[in-house]
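In what follows, a structure is listed as structure tokens, so that the remarks can point back to it.
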Amino acid sequence: MTMTSEKDQMMNEVNDCESDNKLPTINYTSSFSFHMKYVSLFLLTFQNVTSILLLRYVRTTTGPRFINSTAVLNSEIQKTILSIVLLLYEEGNVFRSLKLIYEKVFRETNDMIKTGIPAFLYTIQNYLLFVSISNLDAATCQVSFQFKIFTTAVFMVLILGRTFKLIQWFALFLLFLGVSLVQLENMTSTVPKQDVNAFKGLISVVSACILSGLAGVYFEKILKGSNVSVWIRNIQLGIFGIFFGCLMMLLQDGAEIHRKGFLFGYTDVVWLTITVQSAGGLLVALVVKHADNILKGFSTSAAIIISCIISMILFDFQLTTLFALGALLVIFSIFLYLKPDLVYQVPFFNKATKEKSILV
């Protein structure tokens, strides 16, 4: 008999003896998990909304503007520090954590080098995100950046050999259509916009989505191919990100930084924006751990709606029929992609798509 079964038997005997005087029991673990599910959902929604709005605010407010490449570098530094703190919390021992970092980062160099590719892609993606938000409305950028779901799915098929149900490909088509409608409205808008370039914003956000999808899938392949902690992988990503961030900063803006200074244009709001942006990936990990895909999709959809409302109030954003239709298509497609089984409850779709999948 195992120790667990012996403990269970003893507890049963105690319960039998006290059957006439039972007290209600509380499952604290289940209660904590329930609360964490919605806490993490709220935090991710809040981060999705505030990050894009803060980015738009600091890139359009009056006064000297910070240099994009310095913000990317500072974001990588913050993410690395946060990952180290979370590793310390997970291990519960400072010496063991530092030893683990030394072994996985400085000794196992072959394994460490694997993270160089996604780190480079993420660094370029973050830079492009700053460029896109400087040339697009917050709501337009928020909706358009969901195109990364489409690019991620394509790279999953090409790199991981993943298969998707027919209804999921239909959802991805709706996503592509929705983003296209939003961008069409942005490109053809007759409302005058100062200091923006709609075409530059479009190219930047689409490129960022492609890099995000490729980096995410490649990083997933690395994670599933080893038993290394996700926080160690994030530290490895951060170290490479700092290196590539420094390189990009010197090549792209070296002369300007030498003339104006590394922290030129930085304010408390800029630092807050960078910190919120840095916490995004860690919050996604929290949601994946405590919530499900439906709640994650709800978080993204809520962020789109809230961003649109706040943009109309703060940034004079004008909600048009074309934009509203595109945004609704994007929201619907996210739910359909994350939970395709919901549509099977409709008799017509159930008959047409049940147990079908396609592979490109």
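FYI, nothing fancy with the structure tokens labels: chains A, B, ... in order, residues from 1 per chain, ligands from 1 as they appear.
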
Open item on the list: If we count only C-alpha atoms and set the cut-off at 12 Å, which residues sit around stretch 177-185 of chain A, ignoring sequence neighbours fewer than 4 positions away in its own chain? Please answer as an MDAnalysis selection string.
Closed with: chainID A and resid 136:137 139:150 170:173 189:191 198:203 205:206 209 318:334

Task: Gap from atom CA of A:Gln78 to atom CA of A:Leu41 - Å, one decimal - done: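 Rounded to one decimal, the two atoms are 22.3 Å apart.
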
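Going from atom CA of A:Val105 to atom CA of A:Val276 covers 26.2 Å.
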
At most 12 Å is the cut-off: for each residue in stretch 242-263 of chain A with any atom that close to an atom of stretch 125-135 of chain A, write down the nearest atom pair and the distance in Å rounded to one decimal, counting only C-alpha atoms, chain first then increasing number, as JSON lines.
{"residue": "A:Phe244", "atom": "CA", "partner": "A:Tyr127", "partner_atom": "CA", "distance": 11.3}
{"residue": "A:Gly245", "atom": "CA", "partner": "A:Tyr127", "partner_atom": "CA", "distance": 9.2}
{"residue": "A:Met248", "atom": "CA", "partner": "A:Tyr127", "partner_atom": "CA", "distance": 9.4}
{"residue": "A:Met249", "atom": "CA", "partner": "A:Tyr127", "partner_atom": "CA", "distance": 10.0}
{"residue": "A:Gln252", "atom": "CA", "partner": "A:Tyr127", "partner_atom": "CA", "distance": 10.9}

Produce a file of the selected residues containing N, CA, C and O atoms, as a PDB file, in the first residue's frame.
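The result, written out as result-v2.pdb:
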ATOM      1  N   PHE A 244      21.043  42.003 -29.823  1.00  0.00           N
ATOM      2  CA  PHE A 244      20.514  42.468 -31.113  1.00  0.00           C
ATOM      3  C   PHE A 244      19.932  43.878 -30.993  1.00  0.00           C
ATOM      4  O   PHE A 244      19.997  44.666 -31.947  1.00  0.00           O
ATOM      5  N   GLY A 245      19.352  44.198 -29.832  1.00  0.00           N
ATOM      6  CA  GLY A 245      18.814  45.531 -29.617  1.00  0.00           C
ATOM      7  C   GLY A 245      19.903  46.590 -29.649  1.00  0.00           C
ATOM      8  O   GLY A 245      19.728  47.657 -30.242  1.00  0.00           O
ATOM      9  N   MET A 248      21.099  46.896 -33.337  1.00  0.00           N
ATOM     10  CA  MET A 248      20.140  47.628 -34.161  1.00  0.00           C
ATOM     11  C   MET A 248      20.130  49.107 -33.792  1.00  0.00           C
ATOM     12  O   MET A 248      20.051  49.980 -34.668  1.00  0.00           O
ATOM     13  N   MET A 249      20.245  49.404 -32.497  1.00  0.00           N
ATOM     14  CA  MET A 249      20.245  50.787 -32.040  1.00  0.00           C
ATOM     15  C   MET A 249      21.444  51.554 -32.597  1.00  0.00           C
ATOM     16  O   MET A 249      21.303  52.686 -33.082  1.00  0.00           O
ATOM     17  N   GLN A 252      21.019  51.764 -36.557  1.00  0.00           N
ATOM     18  CA  GLN A 252      19.872  52.551 -37.006  1.00  0.00           C
ATOM     19  C   GLN A 252      19.932  53.993 -36.521  1.00  0.00           C
ATOM     20  O   GLN A 252      19.663  54.925 -37.291  1.00  0.00           O
TER      21      GLN A 252
END

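Rounded to one decimal, atom CA of A:Ile52 and atom CA of A:Gly280 lie 11.0 Å from each other.
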
Open item on the list: If we count only C-alpha atoms and set the cut-off at 12 Å, which residues sit around A:Trp271, ignoring sequence neighbours fewer than 3 positions away in its own chain? Please answer as a list in words.
Closed with: Ser51, Leu54, Leu55, Val58, Phe66, Thr70, Ala71, Val72, Asn74, Ser75, Gln78, Leu263, Gly265, Tyr266, Thr267, Asp268, Ile274, Thr275, Val276, Gln277 and Ser278 of chain A

- [ ] Within stretch 117-345 of chain A, find each residue whose DSSP state, derived from the backbone, is alpha helix (DSSP H), and express the selection as a PyMOL selection string.
- [x] chain A and resi 117-135+138-144+148-155+166-188+198-224+230-260+268-290+293-314+321-338

Using 12 Å as the limit and counting only C-alpha atoms, can you tabulate each residue of stretch 226-312 of chain A that touches stretch 115-119 of chain A, with its shortest atom-to-atom distance in Å and the two atoms involved, as a Markdown table?
| residue | atom | partner | partner_atom | distance |
| --- | --- | --- | --- | --- |
| A:Val228 | CA | A:Thr115 | CA | 11.9 |
| A:Val230 | CA | A:Thr115 | CA | 11.7 |
| A:Ile232 | CA | A:Thr115 | CA | 10.6 |
| A:Arg233 | CA | A:Thr115 | CA | 7.4 |
| A:Asn234 | CA | A:Thr115 | CA | 8.9 |
| A:Ile235 | CA | A:Thr115 | CA | 9.8 |
| A:Gln236 | CA | A:Thr115 | CA | 6.5 |
| A:Leu237 | CA | A:Ala119 | CA | 5.1 |
| A:Gly238 | CA | A:Ala119 | CA | 7.2 |
| A:Ile239 | CA | A:Ala119 | CA | 8.5 |
| A:Phe240 | CA | A:Ala119 | CA | 5.8 |
| A:Gly241 | CA | A:Ala119 | CA | 5.3 |
| A:Ile242 | CA | A:Ala119 | CA | 9.0 |
| A:Phe243 | CA | A:Ala119 | CA | 9.4 |
| A:Phe244 | CA | A:Ala119 | CA | 7.9 |
| A:Gly245 | CA | A:Ala119 | CA | 9.7 |
